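Below is one structure; the comments refer to it alone.
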Amino acid sequence: MKRKIAISIGDLNGVGFEIALKSHDIIATDFQPIYFLSREMAEQGAEILKTELPKDFQTFDFDKSFEIQKGKISAESGKYSFDSFKNGVDFVKNGGAEAIVTLPISKEAWHLAGIRYSGHTDALRDFFKADAIMMMGTPEMYVLLFTEHIPLKKVIENIKTEKLEQFLENVISEIGKDEKIGVLGVNPHAGDGGVLGDEESEIYKAINSVNSKIAKNVFSNPLVPDVAFTKSMRSQYRFFVAMYHDQGLAPLKALYFDEVINVSLNLPIRRVSVGHGTAFDIAYKGIANNKSYLNSIAYLK
């Protein structure tokens, strides 16, 4: 029997449906995907793409249909993508499938629909009352984000020893102690001994505390951010902890954009996602790249 996985369809006005459809026969060799959208919506999407649904394309009806407007940001598509996600999560939580794979949503569309979450990871934290960790990357390099979708001006106030210490402990519980993990500083030159900022002192204390608790130097001292992702550093570390979103994801995507996946750690369910957005500008044009999606599925094997 094939292993069941739930597929949250993402924003139907974007590239998610096209990616799911063009990848179906590939992933169906190892898994039984269950797509969280109605049959009517799936047929509407297939018609726009001028193709037909595979005979084994299994859908899960849960909501009213709406008219797909390719490339448009709308409250309707936002609500539908959230409901697809929530129903898929509940399905996995109740044992219907072993994991959920999420296709891209529009945060703006969620906002228009009155959904208060800033994204999938934020919602998962609330659903499970757990400190979910966002990890993005490829087998060659993964970045774990200490802070994610918050304004840059709020990053510094979040860098506190106790909070970072708990984060690093959660990382160890998921990744283990066999990998060396590079931890980035937050200031230029990692503070340069306090000359350019003293936040690194908070980071040092958290690192030293966790390394002491596990009796192993898994986490590096704060790395200078502008050299952390050089070839030499990547030969020493496969996992990196970034203090904020763009600090870690800009270099990651510069190196591996088409391949990156997004994994939610420290949760009672398995969730993996593509590492890109809705790409409204190319929606339903038949040119969407499915490599990240296939890599997400491969992560579950």
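In the structure tokens, chains take letters A, B, ... by order of appearance, with residues numbered from 1 within each chain and ligands from 1 in the order shown.
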Give me, as CSV, each residue of region 80-135 of chain A that comes within 6 Å of region 262-280 of chain A, together with its shortest interatomic pair and the distance in Å at one decimal, counting only C-alpha atoms, with rows ordered by chain and rising residue number.
```
residue,atom,partner,partner_atom,distance
A:Ala99,CA,A:Arg270,CA,4.8
A:Ile100,CA,A:Arg271,CA,4.9
A:Val101,CA,A:Val272,CA,5.0
A:Thr102,CA,A:Ser273,CA,4.7
A:Pro104,CA,A:Gly277,CA,5.2
A:Ala132,CA,A:Asn266,CA,5.1
A:Ile133,CA,A:Leu265,CA,4.9
A:Met134,CA,A:Ser264,CA,5.1
A:Met135,CA,A:Val263,CA,5.1
```
Pick out the residues sitting within 10 Å of Phe257 (chain A), and hand them over as a ChimeraX atom specification; count only C-alpha atoms, and ignore anything fewer than 6 positions along from it in its own chain. /A:137-138,249-251,275-276,291-292
I'd like the contact shell of Ser209 (chain A) - 12 Å cut-off, only C-alpha atoms, skipping same-chain residues fewer than 5 positions apart - returned as a CSV table (one decimal) with N, CA and C atoms, in the first residue's frame.
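New file out.csv:
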```csv
chain,number,residue,atom,x,y,z
A,161,THR,N,19.1,35.8,25.5
A,161,THR,CA,19.8,34.6,25.7
A,161,THR,C,18.8,33.4,26.0
A,162,GLU,N,17.8,33.7,26.9
A,162,GLU,CA,16.9,32.6,27.3
A,162,GLU,C,16.1,32.1,26.1
A,164,LEU,N,16.9,32.4,22.8
A,164,LEU,CA,17.8,31.7,21.8
A,164,LEU,C,18.2,30.3,22.4
A,165,GLU,N,18.4,30.3,23.7
A,165,GLU,CA,18.9,29.0,24.3
A,165,GLU,C,17.8,27.9,24.0
A,166,GLN,N,16.5,28.3,24.3
A,166,GLN,CA,15.4,27.3,24.0
A,166,GLN,C,15.3,26.9,22.6
A,168,LEU,N,17.8,26.8,20.4
A,168,LEU,CA,19.0,25.9,20.1
A,168,LEU,C,18.7,24.5,20.7
A,169,GLU,N,18.1,24.4,21.8
A,169,GLU,CA,17.8,23.1,22.4
A,169,GLU,C,16.8,22.4,21.5
A,202,GLU,N,24.7,38.1,24.0
A,202,GLU,CA,23.5,37.3,24.2
A,202,GLU,C,23.6,36.0,23.5
A,203,ILE,N,24.1,36.1,22.2
A,203,ILE,CA,24.2,34.9,21.4
A,203,ILE,C,25.3,33.9,22.0
A,204,TYR,N,26.4,34.5,22.4
A,204,TYR,CA,27.5,33.7,23.0
A,204,TYR,C,27.0,32.9,24.2
A,214,ILE,N,24.8,19.8,26.6
A,214,ILE,CA,24.9,18.5,25.8
A,214,ILE,C,26.3,18.0,25.8
A,215,ALA,N,27.2,18.6,26.5
A,215,ALA,CA,28.6,18.2,26.6
A,215,ALA,C,29.2,18.0,25.3
A,216,LYS,N,28.9,18.9,24.3
A,216,LYS,CA,29.6,18.8,23.0
A,216,LYS,C,29.4,20.1,22.3
A,217,ASN,N,30.5,20.5,21.6
A,217,ASN,CA,30.5,21.8,21.0
A,217,ASN,C,29.8,21.7,19.6
A,218,VAL,N,28.5,21.5,19.6
A,218,VAL,CA,27.8,21.4,18.3
A,218,VAL,C,27.6,22.8,17.7
A,219,PHE,N,27.3,23.8,18.5
A,219,PHE,CA,27.1,25.1,17.9
A,219,PHE,C,28.4,26.0,17.9
A,221,ASN,N,30.7,29.5,17.8
A,221,ASN,CA,30.6,30.8,18.2
A,221,ASN,C,30.0,31.7,17.1
```
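Of the residues listed (A:Thr230, A:Val15, A:Asp61, A:Ser84), A:Asp61 shows the shortest atom-to-atom separation from Glu40 (chain A); distances use only C-alpha atoms.
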At a cut-off of 12 Å, can you tabulate as JSON lines every residue of region 153-187 of chain A near region 194-197 of chain A together with its closest atom pair and the distance in Å to one decimal, using only C-alpha atoms and ordering rows by chain then number?
```
{"residue": "A:Ile156", "atom": "CA", "partner": "A:Gly197", "partner_atom": "CA", "distance": 10.2}
{"residue": "A:Gly185", "atom": "CA", "partner": "A:Gly197", "partner_atom": "CA", "distance": 10.3}
{"residue": "A:Val186", "atom": "CA", "partner": "A:Gly197", "partner_atom": "CA", "distance": 8.8}
{"residue": "A:Asn187", "atom": "CA", "partner": "A:Gly197", "partner_atom": "CA", "distance": 6.3}
```
Quick one: residues within 7 Å of Val155 (chain A), only C-alpha atoms, excluding same-chain residues fewer than 4 positions away - as a count of residues only? 3
Exercise: region 189-191 of chain A partners within 9 Å, only C-alpha atoms, chain neighbours under 4 positions left out, as a list of chain:residue names: A:Leu184, A:Gly185, A:Val195, A:Leu196, A:Gly197, A:Asp198, A:Glu199, A:Glu200, A:Ser201, A:Pro222, A:Leu223, A:Val224, A:Pro225, A:Asp226
Could you please take those selected residues and save C-alpha atoms as a compact mmCIF listing (two decimals), in the first residue's frame?
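Heads up, here's the output in part.txt:
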```
# COMPACT_ATOMS: atom_id res chain seq x y z
CA LEU A 184 25.46 33.68 12.76
CA GLY A 185 26.01 36.90 14.64
CA VAL A 195 32.40 47.95 18.98
CA LEU A 196 29.56 47.49 16.47
CA GLY A 197 26.91 46.23 18.87
CA ASP A 198 26.70 43.99 21.91
CA GLU A 199 23.90 41.60 20.88
CA GLU A 200 26.51 38.91 20.20
CA SER A 201 27.04 38.65 23.96
CA PRO A 222 28.81 33.66 16.38
CA LEU A 223 29.97 33.69 12.77
CA VAL A 224 30.66 36.91 10.91
CA PRO A 225 27.55 37.12 8.69
CA ASP A 226 29.21 38.37 5.50
```
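Taking only C-alpha atoms into account, Ser220 (chain A) lies nearest to A:Tyr237 out of the set A:Phe128, A:Tyr256, A:Tyr237, A:Phe85.
Computed from the coordinates, the CA of Ala6 (chain A) to CA of Val241 (chain A) distance equals 28.8 Å.
With only C-alpha atoms as the basis for measurement, A:Ala97 is the residue among A:Ala97, A:Pro151, A:Leu21, A:Ile73 that approaches Arg3 (chain A) most closely.
Among the candidates A:Leu294, A:Ala283, A:Ile68, A:Ile9, the residue lying nearest to Tyr35 (chain A) is A:Ile9 (atoms considered: only C-alpha atoms).
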Using DSSP on the backbone coordinates, identify all residues within region 115-234 of chain A classified as helix (DSSP H, G or I); present the result as JSON, numbers by chain. {"A": [120, 121, 122, 123, 124, 125, 126, 127, 128, 152, 153, 154, 155, 156, 157, 158, 161, 162, 163, 164, 165, 166, 167, 168, 169, 170, 171, 172, 173, 174, 175, 188, 189, 190, 191, 199, 200, 201, 202, 203, 204, 205, 206, 207, 208, 209, 210, 211, 212, 213, 225, 226, 227, 231, 232, 233, 234]}
